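Text of structure05.cif, listed as mmCIF, C-alpha atoms:
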```cif
data_data
loop_
_atom_site.group_PDB
_atom_site.id
_atom_site.type_symbol
_atom_site.label_atom_id
_atom_site.label_comp_id
_atom_site.auth_asym_id
_atom_site.auth_seq_id
_atom_site.Cartn_x
_atom_site.Cartn_y
_atom_site.Cartn_z
ATOM 1 C CA MET A 15 55.766 97.155 105.786
ATOM 2 C CA PRO A 16 57.930 95.385 108.398
ATOM 3 C CA ASP A 17 56.859 95.899 111.993
ATOM 4 C CA LEU A 18 60.040 96.974 113.806
ATOM 5 C CA ARG A 19 58.444 98.001 117.094
ATOM 6 C CA GLY A 20 59.867 94.933 118.803
ATOM 7 C CA LEU A 21 63.402 95.492 117.501
ATOM 8 C CA SER A 22 65.988 95.228 120.285
ATOM 9 C CA LEU A 23 69.581 96.225 120.802
ATOM 10 C CA ARG A 24 70.431 92.566 121.403
ATOM 11 C CA GLN A 25 69.253 91.724 117.906
ATOM 12 C CA LEU A 26 71.184 94.587 116.326
ATOM 13 C CA ARG A 27 74.340 93.748 118.255
ATOM 14 C CA ALA A 28 74.024 90.067 117.329
ATOM 15 C CA LEU A 29 73.849 91.040 113.655
ATOM 16 C CA ALA A 30 76.794 93.456 113.911
ATOM 17 C CA ALA A 31 78.947 90.939 115.768
ATOM 18 C CA THR A 32 78.167 88.142 113.286
ATOM 19 C CA VAL A 33 79.058 90.338 110.305
ATOM 20 C CA ARG A 34 82.185 91.626 112.041
ATOM 21 C CA THR A 35 83.495 88.185 113.036
ATOM 22 C CA GLY A 36 82.089 86.154 110.148
ATOM 23 C CA SER A 37 80.520 83.411 112.260
ATOM 24 C CA ILE A 38 77.863 82.834 114.908
ATOM 25 C CA THR A 39 80.341 81.087 117.219
ATOM 26 C CA ALA A 40 82.831 83.944 117.044
ATOM 27 C CA ALA A 41 80.025 86.462 117.551
ATOM 28 C CA ALA A 42 78.882 84.544 120.636
ATOM 29 C CA ASN A 43 82.409 84.613 122.044
ATOM 30 C CA ALA A 44 82.678 88.341 121.408
ATOM 31 C CA MET A 45 79.367 89.002 123.165
ATOM 32 C CA HIS A 46 79.994 86.487 125.982
ATOM 33 C CA VAL A 47 76.848 84.470 125.217
ATOM 34 C CA THR A 48 76.172 81.050 123.689
ATOM 35 C CA PRO A 49 75.860 80.453 119.910
ATOM 36 C CA PRO A 50 72.174 79.437 120.278
ATOM 37 C CA ALA A 51 71.497 82.811 121.915
ATOM 38 C CA ILE A 52 72.953 84.579 118.859
ATOM 39 C CA SER A 53 70.956 82.352 116.499
ATOM 40 C CA ILE A 54 67.714 83.152 118.324
ATOM 41 C CA GLN A 55 68.332 86.912 118.098
ATOM 42 C CA LEU A 56 69.108 86.667 114.381
ATOM 43 C CA LYS A 57 65.945 84.641 113.703
ATOM 44 C CA LEU A 58 63.838 87.170 115.588
ATOM 45 C CA LEU A 59 65.485 89.984 113.669
ATOM 46 C CA ALA A 60 64.834 88.300 110.303
ATOM 47 C CA LYS A 61 61.191 87.764 111.269
ATOM 48 C CA GLN A 62 60.750 91.420 112.188
ATOM 49 C CA ALA A 63 62.578 92.620 109.075
ATOM 50 C CA GLY A 64 60.439 90.407 106.849
ATOM 51 C CA GLY A 65 63.346 88.582 105.207
ATOM 52 C CA GLU A 66 66.805 87.125 105.655
ATOM 53 C CA VAL A 67 69.400 89.507 107.060
ATOM 54 C CA LEU A 68 72.440 87.246 106.563
ATOM 55 C CA GLU A 69 73.760 84.952 103.870
ATOM 56 C CA ARG A 70 76.505 82.373 104.144
ATOM 57 C CA THR A 71 79.525 82.804 101.854
ATOM 58 C CA ALA A 72 82.859 81.045 101.522
ATOM 59 C CA SER A 73 84.424 83.590 103.885
ATOM 60 C CA GLY A 74 81.595 83.553 106.443
ATOM 61 C CA PHE A 75 78.314 85.339 107.011
ATOM 62 C CA GLU A 76 77.665 88.571 105.127
ATOM 63 C CA PRO A 77 74.647 90.884 105.296
ATOM 64 C CA THR A 78 71.904 90.753 102.681
ATOM 65 C CA ALA A 79 70.455 93.986 101.272
ATOM 66 C CA LEU A 80 68.044 94.023 104.230
ATOM 67 C CA GLY A 81 70.894 93.260 106.596
ATOM 68 C CA ARG A 82 73.027 96.120 105.293
ATOM 69 C CA GLU A 83 70.246 98.636 105.921
ATOM 70 C CA ILE A 84 69.720 97.314 109.448
ATOM 71 C CA LEU A 85 73.478 97.248 110.079
ATOM 72 C CA GLU A 86 73.831 100.899 109.105
ATOM 73 C CA ALA A 87 71.031 101.791 111.523
ATOM 74 C CA ALA A 88 72.705 99.667 114.211
ATOM 75 C CA HIS A 89 75.959 101.606 113.829
ATOM 76 C CA GLU A 90 74.084 104.904 114.074
ATOM 77 C CA MET A 91 72.288 103.763 117.210
ATOM 78 C CA GLU A 92 75.544 102.656 118.835
ATOM 79 C CA GLY A 93 76.982 106.081 118.056
ATOM 80 C CA LEU A 94 73.962 107.768 119.634
ATOM 81 C CA LEU A 95 74.239 105.590 122.737
ATOM 82 C CA ASP A 96 77.965 106.332 123.051
ATOM 83 C CA ARG A 97 77.240 110.047 122.880
ATOM 84 C CA LEU A 98 74.466 109.723 125.423
ATOM 85 C CA GLY A 99 76.749 107.869 127.843
ATOM 86 C CA GLU A 100 79.444 110.508 127.520
ATOM 87 C CA ARG A 101 76.942 113.327 128.015
ATOM 88 C CA LEU A 102 75.526 111.672 131.119
ATOM 89 C CA ASN A 103 79.033 111.142 132.474
ATOM 90 C CA ALA A 104 79.863 114.793 131.797
ATOM 91 C CA LEU A 105 76.793 115.867 133.730
ATOM 92 C CA LYS A 106 77.601 113.552 136.640
ATOM 93 C CA THR A 107 81.141 114.908 136.875
ATOM 94 C CA GLY A 108 79.861 118.469 136.973
ATOM 95 C CA ALA A 109 80.740 119.468 133.391
ATOM 96 C CA ALA A 110 78.320 121.811 131.677
ATOM 97 C CA GLY A 111 78.296 119.811 128.470
ATOM 98 C CA LEU A 112 80.156 117.550 126.090
ATOM 99 C CA LEU A 113 81.188 118.155 122.493
ATOM 100 C CA ARG A 114 82.404 115.399 120.157
ATOM 101 C CA LEU A 115 84.521 117.030 117.449
ATOM 102 C CA GLY A 116 85.872 115.201 114.405
ATOM 103 C CA VAL A 117 88.720 116.805 112.446
ATOM 104 C CA VAL A 118 90.380 115.631 109.222
ATOM 105 C CA SER A 119 94.085 114.978 109.626
ATOM 106 C CA THR A 120 95.219 118.168 107.871
ATOM 107 C CA GLY A 121 93.338 120.106 110.537
ATOM 108 C CA LYS A 122 95.537 118.788 113.333
ATOM 109 C CA TYR A 123 97.888 121.722 112.732
ATOM 110 C CA PHE A 124 95.318 124.241 113.985
ATOM 111 C CA ALA A 125 92.289 122.444 115.516
ATOM 112 C CA PRO A 126 93.929 121.869 118.934
ATOM 113 C CA ARG A 127 94.518 125.629 119.139
ATOM 114 C CA ILE A 128 90.801 126.270 118.556
ATOM 115 C CA VAL A 129 89.848 123.670 121.157
ATOM 116 C CA ALA A 130 92.274 125.087 123.722
ATOM 117 C CA GLY A 131 90.938 128.616 123.235
ATOM 118 C CA PHE A 132 87.366 127.381 123.454
ATOM 119 C CA GLN A 133 87.985 125.490 126.675
ATOM 120 C CA ARG A 134 89.614 128.532 128.238
ATOM 121 C CA ALA A 135 86.480 130.505 127.360
ATOM 122 C CA HIS A 136 84.094 127.678 128.373
ATOM 123 C CA PRO A 137 85.854 125.625 131.062
ATOM 124 C CA GLY A 138 82.679 123.720 131.892
ATOM 125 C CA ILE A 139 82.408 122.102 128.449
ATOM 126 C CA VAL A 140 84.352 118.913 127.776
ATOM 127 C CA VAL A 141 85.628 118.565 124.189
ATOM 128 C CA LYS A 142 86.411 115.098 122.886
ATOM 129 C CA LEU A 143 88.640 115.612 119.842
ATOM 130 C CA LEU A 144 89.152 112.874 117.255
ATOM 131 C CA ILE A 145 91.533 113.425 114.345
ATOM 132 C CA GLY A 146 91.467 110.997 111.413
ATOM 133 C CA ASN A 147 91.730 110.825 107.648
ATOM 134 C CA ARG A 148 88.809 111.985 105.541
ATOM 135 C CA GLY A 149 87.347 108.485 105.237
ATOM 136 C CA GLU A 150 87.395 107.943 109.007
ATOM 137 C CA ILE A 151 85.759 111.286 109.739
ATOM 138 C CA LEU A 152 83.048 110.722 107.119
ATOM 139 C CA THR A 153 82.338 107.276 108.570
ATOM 140 C CA GLY A 154 81.962 108.825 112.009
ATOM 141 C CA LEU A 155 79.653 111.476 110.588
ATOM 142 C CA ARG A 156 77.479 108.823 108.946
ATOM 143 C CA GLN A 157 77.300 106.883 112.204
ATOM 144 C CA ARG A 158 76.462 110.046 114.188
ATOM 145 C CA ASN A 159 79.620 109.818 116.271
ATOM 146 C CA PHE A 160 80.284 113.572 116.064
ATOM 147 C CA ASP A 161 78.403 116.710 117.015
ATOM 148 C CA LEU A 162 80.570 118.803 114.698
ATOM 149 C CA CYS A 163 83.312 118.150 112.141
ATOM 150 C CA ILE A 164 86.025 120.355 110.696
ATOM 151 C CA MET A 165 86.960 119.560 107.110
ATOM 152 C CA GLY A 166 87.604 121.143 103.755
ATOM 153 C CA ARG A 167 85.225 119.635 101.201
ATOM 154 C CA PRO A 168 81.866 118.701 102.746
ATOM 155 C CA PRO A 169 80.473 115.260 101.825
ATOM 156 C CA GLU A 170 78.063 114.979 98.915
ATOM 157 C CA ASP A 171 76.133 111.936 100.156
ATOM 158 C CA ILE A 172 75.171 113.298 103.605
ATOM 159 C CA PRO A 173 72.953 116.394 103.965
ATOM 160 C CA VAL A 174 74.965 118.805 106.115
ATOM 161 C CA VAL A 175 74.886 122.362 107.385
ATOM 162 C CA ARG A 176 78.216 124.110 106.920
ATOM 163 C CA GLU A 177 79.702 127.320 108.231
ATOM 164 C CA GLU A 178 82.855 128.771 106.725
ATOM 165 C CA LEU A 179 85.789 128.742 109.102
ATOM 166 C CA GLY A 180 88.480 130.346 106.955
ATOM 167 C CA ASP A 181 90.725 130.117 103.903
ATOM 168 C CA HIS A 182 92.635 126.918 103.203
ATOM 169 C CA PRO A 183 95.515 127.615 100.784
ATOM 170 C CA HIS A 184 97.417 124.779 99.100
ATOM 171 C CA VAL A 185 100.925 125.347 97.790
ATOM 172 C CA LEU A 186 103.367 123.467 95.590
ATOM 173 C CA ILE A 187 106.357 122.742 97.821
ATOM 174 C CA ALA A 188 109.943 121.916 96.886
ATOM 175 C CA PRO A 189 113.330 121.832 98.658
ATOM 176 C CA PRO A 190 115.121 125.221 98.891
ATOM 177 C CA GLY A 191 117.739 124.191 96.325
ATOM 178 C CA HIS A 192 115.192 123.266 93.664
ATOM 179 C CA ARG A 193 115.866 124.594 90.148
ATOM 180 C CA LEU A 194 112.606 126.601 90.228
ATOM 181 C CA ALA A 195 112.897 127.873 93.804
ATOM 182 C CA ASP A 196 113.728 131.482 92.881
ATOM 183 C CA ARG A 197 111.611 131.748 89.733
ATOM 184 C CA LYS A 198 108.456 133.854 89.454
ATOM 185 C CA ASP A 199 105.244 133.016 87.578
ATOM 186 C CA ILE A 200 106.407 129.513 86.732
ATOM 187 C CA ALA A 201 104.568 128.090 83.717
ATOM 188 C CA HIS A 202 102.864 124.701 84.001
ATOM 189 C CA ALA A 203 105.104 123.296 81.255
ATOM 190 C CA GLU A 204 108.072 123.670 83.626
ATOM 191 C CA LEU A 205 106.562 120.989 85.868
ATOM 192 C CA HIS A 206 106.287 118.189 83.307
ATOM 193 C CA GLN A 207 109.572 116.589 84.369
ATOM 194 C CA GLU A 208 108.783 116.667 88.095
ATOM 195 C CA THR A 209 107.865 113.717 90.322
ATOM 196 C CA PHE A 210 104.773 114.515 92.387
ATOM 197 C CA LEU A 211 104.369 113.038 95.862
ATOM 198 C CA ALA A 212 100.729 112.456 96.783
ATOM 199 C CA ARG A 213 98.462 111.492 99.676
ATOM 200 C CA GLU A 214 96.368 108.328 99.572
ATOM 201 C CA GLU A 215 93.404 107.888 97.227
ATOM 202 C CA GLY A 216 90.257 109.490 98.616
ATOM 203 C CA SER A 217 91.948 112.245 100.604
ATOM 204 C CA GLY A 218 90.906 115.813 99.892
ATOM 205 C CA THR A 219 94.498 116.833 99.144
ATOM 206 C CA ARG A 220 94.866 113.967 96.647
ATOM 207 C CA MET A 221 91.691 115.045 94.828
ATOM 208 C CA LEU A 222 92.949 118.619 94.666
ATOM 209 C CA MET A 223 96.331 117.512 93.315
ATOM 210 C CA THR A 224 94.689 115.285 90.712
ATOM 211 C CA ARG A 225 92.623 118.167 89.358
ATOM 212 C CA PHE A 226 95.729 120.380 89.272
ATOM 213 C CA LEU A 227 97.791 117.744 87.449
ATOM 214 C CA ASP A 228 95.020 117.293 84.891
ATOM 215 C CA ARG A 229 95.583 120.935 83.955
ATOM 216 C CA VAL A 230 99.373 120.817 84.225
ATOM 217 C CA GLY A 231 99.895 117.524 82.445
ATOM 218 C CA ASP A 232 98.528 118.599 79.051
ATOM 219 C CA GLU A 233 97.608 114.925 78.466
ATOM 220 C CA ARG A 234 101.151 113.828 79.254
ATOM 221 C CA PRO A 235 101.725 111.117 81.864
ATOM 222 C CA VAL A 236 102.739 112.544 85.244
ATOM 223 C CA GLN A 237 105.034 110.626 87.561
ATOM 224 C CA LEU A 238 103.117 110.179 90.799
ATOM 225 C CA VAL A 239 104.341 108.508 93.996
ATOM 226 C CA ASP A 240 101.913 107.703 96.829
ATOM 227 C CA MET A 241 102.865 108.562 100.402
ATOM 228 C CA GLY A 242 100.819 107.892 103.521
ATOM 229 C CA THR A 243 100.924 111.120 105.498
ATOM 230 C CA ASN A 244 101.673 114.827 105.208
ATOM 231 C CA GLU A 245 104.689 114.368 107.471
ATOM 232 C CA THR A 246 106.127 111.711 105.160
ATOM 233 C CA ILE A 247 105.536 113.935 102.155
ATOM 234 C CA LYS A 248 107.297 116.892 103.767
ATOM 235 C CA GLN A 249 110.328 114.794 104.693
ATOM 236 C CA ALA A 250 110.458 113.268 101.207
ATOM 237 C CA VAL A 251 110.311 116.693 99.547
ATOM 238 C CA MET A 252 113.092 117.973 101.836
ATOM 239 C CA ALA A 253 115.158 114.948 100.811
ATOM 240 C CA GLY A 254 114.713 115.815 97.132
ATOM 241 C CA LEU A 255 112.448 112.914 96.139
ATOM 242 C CA GLY A 256 109.923 115.160 94.416
ATOM 243 C CA VAL A 257 107.516 118.054 94.794
ATOM 244 C CA ALA A 258 104.004 118.071 96.252
ATOM 245 C CA ILE A 259 100.828 120.059 96.538
ATOM 246 C CA ILE A 260 100.025 120.313 100.211
ATOM 247 C CA SER A 261 98.038 122.430 102.628
ATOM 248 C CA ALA A 262 100.016 125.522 103.575
ATOM 249 C CA HIS A 263 98.820 124.989 107.144
ATOM 250 C CA THR A 264 100.620 121.655 107.365
ATOM 251 C CA CYS A 265 104.006 123.078 106.433
ATOM 252 C CA ALA A 266 103.913 126.643 107.795
ATOM 253 C CA ALA A 267 106.844 126.004 110.165
ATOM 254 C CA GLU A 268 109.027 124.437 107.457
ATOM 255 C CA LEU A 269 108.244 127.290 105.049
ATOM 256 C CA THR A 270 109.085 129.904 107.671
ATOM 257 C CA GLU A 271 112.355 128.134 108.492
ATOM 258 C CA ARG A 272 113.152 127.725 104.760
ATOM 259 C CA LYS A 273 113.366 123.963 105.039
ATOM 260 C CA LEU A 274 110.808 124.025 102.238
ATOM 261 C CA VAL A 275 109.817 126.638 99.663
ATOM 262 C CA ALA A 276 106.495 127.279 97.945
ATOM 263 C CA LEU A 277 107.067 127.444 94.206
ATOM 264 C CA ASP A 278 105.515 130.493 92.516
ATOM 265 C CA VAL A 279 103.581 128.503 89.918
ATOM 266 C CA VAL A 280 100.864 130.204 87.898
ATOM 267 C CA GLY A 281 97.517 129.438 89.532
ATOM 268 C CA THR A 282 98.928 128.843 93.017
ATOM 269 C CA PRO A 283 98.318 128.984 95.867
ATOM 270 C CA ILE A 284 95.126 127.032 95.261
ATOM 271 C CA LEU A 285 92.577 128.502 97.630
ATOM 272 C CA ARG A 286 89.938 126.330 99.264
ATOM 273 C CA LYS A 287 87.914 126.781 102.454
ATOM 274 C CA TRP A 288 87.701 125.188 105.878
ATOM 275 C CA TYR A 289 84.216 124.496 107.222
ATOM 276 C CA VAL A 290 82.604 123.517 110.497
ATOM 277 C CA ILE A 291 79.816 121.122 109.545
ATOM 278 C CA HIS A 292 77.125 119.022 111.160
ATOM 279 C CA ARG A 293 74.433 116.715 109.871
ATOM 280 C CA ALA A 294 71.349 118.575 108.682
ATOM 281 C CA ASP A 295 69.146 116.143 110.618
ATOM 282 C CA HIS A 296 71.075 116.635 113.865
ATOM 283 C CA GLN A 297 69.974 119.270 116.364
ATOM 284 C CA LEU A 298 73.012 120.931 117.868
ATOM 285 C CA SER A 299 73.509 120.844 121.615
ATOM 286 C CA VAL A 300 74.208 124.058 123.499
ATOM 287 C CA ALA A 301 77.882 123.020 123.721
ATOM 288 C CA ALA A 302 78.077 122.551 119.939
ATOM 289 C CA GLN A 303 76.351 125.880 119.295
ATOM 290 C CA ARG A 304 78.831 127.639 121.563
ATOM 291 C CA PHE A 305 81.809 126.016 119.840
ATOM 292 C CA GLN A 306 80.485 126.931 116.402
ATOM 293 C CA ALA A 307 80.001 130.535 117.499
ATOM 294 C CA PHE A 308 83.469 130.663 119.102
ATOM 295 C CA ALA A 309 85.160 129.251 115.978
ATOM 296 C CA ALA A 310 83.385 131.764 113.731
ATOM 297 C CA LEU A 311 84.169 134.718 116.008
ATOM 298 C CA HIS A 312 87.888 133.945 116.200
ATOM 299 C CA LYS A 313 88.415 132.484 112.715
ATOM 300 C CA ASP A 314 91.002 135.105 111.706
ATOM 301 C CA SER A 315 93.365 133.911 114.456
ATOM 302 C CA HIS A 316 93.246 130.153 113.864
ATOM 303 C CA PHE A 317 95.610 129.613 110.984
ATOM 304 C CA PRO A 318 99.329 130.044 110.310
ATOM 305 C CA GLN A 319 99.960 132.630 107.591
ATOM 306 C CA ALA A 320 103.393 131.881 106.113
ATOM 307 C CA LEU A 321 103.567 130.789 102.474
ATOM 308 C CA GLY A 322 107.363 130.770 102.375
ATOM 309 C CA ARG A 323 107.846 133.117 99.412
ATOM 310 C CA ARG A 324 110.378 135.891 99.352
#
```
Please express what this file holds, its structure, as structure tokens.
Amino acid sequence: MPDLRGLSLRQLRALAATVRTGSITAAANAMHVTPPAISIQLKLLAKQAGGEVLERTASGFEPTALGREILEAAHEMEGLLDRLGERLNALKTGAAGLLRLGVVSTGKYFAPRIVAGFQRAHPGIVVKLLIGNRGEILTGLRQRNFDLCIMGRPPEDIPVVREELGDHPHVLIAPPGHRLADRKDIAHAELHQETFLAREEGSGTRMLMTRFLDRVGDERPVQLVDMGTNETIKQAVMAGLGVAIISAHTCAAELTERKLVALDVVGTPILRKWYVIHRADHQLSVAAQRFQAFAALHKDSHFPQALGRR
């Protein structure tokens, strides 16, 4: 078994910088040291790991299987150190604690309201809120950058503890003048001629839409157009470019104002859940425990309610 007791942050950072930049010279420039200094750290790291951690390719240095394992640990350690620095700074500035909260992009329509209410109730706790797409939030969770995360579908590859935050309905939206706008109990066959506007591959909303279209399509090809954000999708639907399945929380204002309508299709709204999650191997701080308790206590008041049906 490799003896890693002498492993240092310099070695880990030398590896990360070399992989990131593709060369020892570029890594040295990034770390403000000489190339020989980087080479020495990499040799020491390989010796401690019991094998090569890098291999040269046509595009530059890439990690070996050993290197990838060490690199993942390096990212986790950097995340832990970042959190430690922020916690220490919070203590020095007189704050009672620090909470790092990651929220998937669909949650930006309600998460700031939760954070604002929490900080009014706990003014001594600093909340650092990061909103990103599902992939970005999962990466941060893997690298231990967050104390808590708010998302819909918890990850399958990371053991987590989850607490239900509330219902997350998804609706099929269309412009008010759509041919099906005033129909009730719309059959799936009525949707075969529609163009569906979708989020990027890998997003929770895209996965939900794909499963819905598998049922609707009846083995017929469905016209699908990718769009980058919920805001783009809403504008495109309003312009008449297609219909979309989208979180009701992202379009509550437009549904209330009748800029969009939720079609009354059989099987909709599709009901999912919001969760507050954290890694199962992460012990929650007092600040995180208080936020989790606050979110659970006030969960009925977090979300917009309008579905835009008459």
Of A:Gly131, A:Gly254, A:Gly281, A:Gly65, the one sitting nearest Gly191 in chain A when using all atoms listed in the file is A:Gly254
As a count of residues only, please: the residues near Arg293 in chain A (cut-off 9 Å, only C-alpha atoms, same-chain neighbours under 5 positions excluded).
10
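Between CA of Arg134 in chain A and CA of Phe317 in chain A the separation is 18.3 Å.
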So what does the PyMOL selection byres ((chain A and resi 136) around 10) actually pick up in this one, as number ranges by chain?
A: 110-111, 130-135, 137-140, 301, 304-305, 308
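CA of Tyr289 in chain A lies 26.5 Å from CA of Asp240 in chain A.
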Excluding same-chain residues fewer than 5 positions from Leu29 in chain A, what lies within 8 Å of it counting all atoms listed in the file, as number ranges by chain?
A: 56, 81, 85
Write to file, as a CSV table (one decimal), keeping the file's coordinate frame, the residues of the selection just made, with C-alpha atoms.
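The resulting file, again-v4.csv, is shown below:
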```
chain,number,residue,atom,x,y,z
A,56,LEU,CA,69.1,86.7,114.4
A,81,GLY,CA,70.9,93.3,106.6
A,85,LEU,CA,73.5,97.2,110.1
```
Quick check on the file I pasted: which residues fall under the PyMOL selection byres ((chain A and resi 32) around 12)? Write them as a PDB file with C-alpha atoms, keeping the file's coordinate frame.
```
ATOM      1  CA  GLN A  25      69.253  91.724 117.906  1.00  0.00           C
ATOM      2  CA  LEU A  26      71.184  94.587 116.326  1.00  0.00           C
ATOM      3  CA  ARG A  27      74.340  93.748 118.255  1.00  0.00           C
ATOM      4  CA  ALA A  28      74.024  90.067 117.329  1.00  0.00           C
ATOM      5  CA  LEU A  29      73.849  91.040 113.655  1.00  0.00           C
ATOM      6  CA  ALA A  30      76.794  93.456 113.911  1.00  0.00           C
ATOM      7  CA  ALA A  31      78.947  90.939 115.768  1.00  0.00           C
ATOM      8  CA  VAL A  33      79.058  90.338 110.305  1.00  0.00           C
ATOM      9  CA  ARG A  34      82.185  91.626 112.041  1.00  0.00           C
ATOM     10  CA  THR A  35      83.495  88.185 113.036  1.00  0.00           C
ATOM     11  CA  GLY A  36      82.089  86.154 110.148  1.00  0.00           C
ATOM     12  CA  SER A  37      80.520  83.411 112.260  1.00  0.00           C
ATOM     13  CA  ILE A  38      77.863  82.834 114.908  1.00  0.00           C
ATOM     14  CA  THR A  39      80.341  81.087 117.219  1.00  0.00           C
ATOM     15  CA  ALA A  40      82.831  83.944 117.044  1.00  0.00           C
ATOM     16  CA  ALA A  41      80.025  86.462 117.551  1.00  0.00           C
ATOM     17  CA  ALA A  42      78.882  84.544 120.636  1.00  0.00           C
ATOM     18  CA  ASN A  43      82.409  84.613 122.044  1.00  0.00           C
ATOM     19  CA  ALA A  44      82.678  88.341 121.408  1.00  0.00           C
ATOM     20  CA  MET A  45      79.367  89.002 123.165  1.00  0.00           C
ATOM     21  CA  PRO A  49      75.860  80.453 119.910  1.00  0.00           C
ATOM     22  CA  ILE A  52      72.953  84.579 118.859  1.00  0.00           C
ATOM     23  CA  SER A  53      70.956  82.352 116.499  1.00  0.00           C
ATOM     24  CA  GLN A  55      68.332  86.912 118.098  1.00  0.00           C
ATOM     25  CA  LEU A  56      69.108  86.667 114.381  1.00  0.00           C
ATOM     26  CA  VAL A  67      69.400  89.507 107.060  1.00  0.00           C
ATOM     27  CA  LEU A  68      72.440  87.246 106.563  1.00  0.00           C
ATOM     28  CA  GLU A  69      73.760  84.952 103.870  1.00  0.00           C
ATOM     29  CA  ARG A  70      76.505  82.373 104.144  1.00  0.00           C
ATOM     30  CA  GLY A  74      81.595  83.553 106.443  1.00  0.00           C
ATOM     31  CA  PHE A  75      78.314  85.339 107.011  1.00  0.00           C
ATOM     32  CA  GLU A  76      77.665  88.571 105.127  1.00  0.00           C
ATOM     33  CA  PRO A  77      74.647  90.884 105.296  1.00  0.00           C
ATOM     34  CA  GLY A  81      70.894  93.260 106.596  1.00  0.00           C
ATOM     35  CA  LEU A  85      73.478  97.248 110.079  1.00  0.00           C
TER      36      LEU A  85
END
```
State, in Å with one decimal place, the distance from CA of Arg213 in chain A to CA of Leu277 in chain A.
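Going from CA of Arg213 in chain A over to CA of Leu277 in chain A, I get 18.9 Å.
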Give me the residues near range 260-276 of chain A as a tab-separated table (two decimals) with C-alpha atoms, keeping the file's coordinate frame, where near means some atom within 9 Å (using all atoms listed in the file) and where sequence neighbours in that chain fewer than 5 positions away do not count.
```tsv
chain	number	residue	atom	x	y	z
A	120	THR	CA	95.22	118.17	107.87
A	121	GLY	CA	93.34	120.11	110.54
A	122	LYS	CA	95.54	118.79	113.33
A	123	TYR	CA	97.89	121.72	112.73
A	124	PHE	CA	95.32	124.24	113.98
A	182	HIS	CA	92.64	126.92	103.20
A	183	PRO	CA	95.52	127.62	100.78
A	184	HIS	CA	97.42	124.78	99.10
A	185	VAL	CA	100.92	125.35	97.79
A	186	LEU	CA	103.37	123.47	95.59
A	187	ILE	CA	106.36	122.74	97.82
A	188	ALA	CA	109.94	121.92	96.89
A	189	PRO	CA	113.33	121.83	98.66
A	190	PRO	CA	115.12	125.22	98.89
A	191	GLY	CA	117.74	124.19	96.32
A	192	HIS	CA	115.19	123.27	93.66
A	195	ALA	CA	112.90	127.87	93.80
A	212	ALA	CA	100.73	112.46	96.78
A	213	ARG	CA	98.46	111.49	99.68
A	219	THR	CA	94.50	116.83	99.14
A	220	ARG	CA	94.87	113.97	96.65
A	223	MET	CA	96.33	117.51	93.32
A	244	ASN	CA	101.67	114.83	105.21
A	245	GLU	CA	104.69	114.37	107.47
A	247	ILE	CA	105.54	113.94	102.16
A	248	LYS	CA	107.30	116.89	103.77
A	251	VAL	CA	110.31	116.69	99.55
A	252	MET	CA	113.09	117.97	101.84
A	283	PRO	CA	98.32	128.98	95.87
A	317	PHE	CA	95.61	129.61	110.98
A	318	PRO	CA	99.33	130.04	110.31
A	319	GLN	CA	99.96	132.63	107.59
A	320	ALA	CA	103.39	131.88	106.11
A	321	LEU	CA	103.57	130.79	102.47
A	322	GLY	CA	107.36	130.77	102.38
A	323	ARG	CA	107.85	133.12	99.41
```
Nearest to Gly216 in chain A by atom-to-atom distance, counting only C-alpha atoms, from A:Leu152, A:Thr48, A:Ser299, A:Glu92:
A:Leu152
Which one is closest to Gln249 in chain A: A:Ala72, A:Cys163, A:Leu211, A:Leu227? Count only C-alpha atoms.
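Closest to Gln249 in chain A of all the choices is A:Leu211.
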Selection under test: the PyMOL selection byres ((chain A and resi 311) around 12); residues as a PyMOL selection string
chain A and resi 128+131-132+177-180+304-310+312-316
Extract, using only C-alpha atoms, all DNA, RNA and protein residues at most 12 Å from Gln237 in chain A, discarding same-chain residues fewer than 2 positions from it, and format them as a list in words.
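The residues that qualify are Leu205, His206, Gln207, Glu208, Thr209, Phe210, Leu211, Ala212, Thr224, Leu227, Gly231, Arg234, Pro235, Val239, Asp240, Leu255, Gly256, Val257 and Ala258 of chain A.
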When you look at Met165 in chain A with a cut-off of 7 Å (counting only C-alpha atoms), what residues show up, excluding the ones that are within fewer than 6 positions of it in the same chain? I need them as a ChimeraX atom specification.
/A:117-118,288-290
Counting all atoms listed in the file, which residue out of A:Gly166, A:Leu238, A:Glu204, A:Glu214 sits closest to Arg286 in chain A?
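Closest residue, counting all atoms listed in the file: A:Gly166.
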Calculated over all atoms listed in the file, which of the candidates A:Asp171, A:Ile200, A:Ala302, A:Asp17 has the smallest distance to Lys142 in chain A?
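Of A:Asp171, A:Ile200, A:Ala302, A:Asp17, the one nearest Lys142 in chain A is A:Ala302, counting all atoms listed in the file.
Each of A:Glu90, A:Asp199, A:Glu100, A:Asp278 was compared to Arg114 in chain A using all atoms listed in the file, and A:Glu100 turns out to be the nearest.
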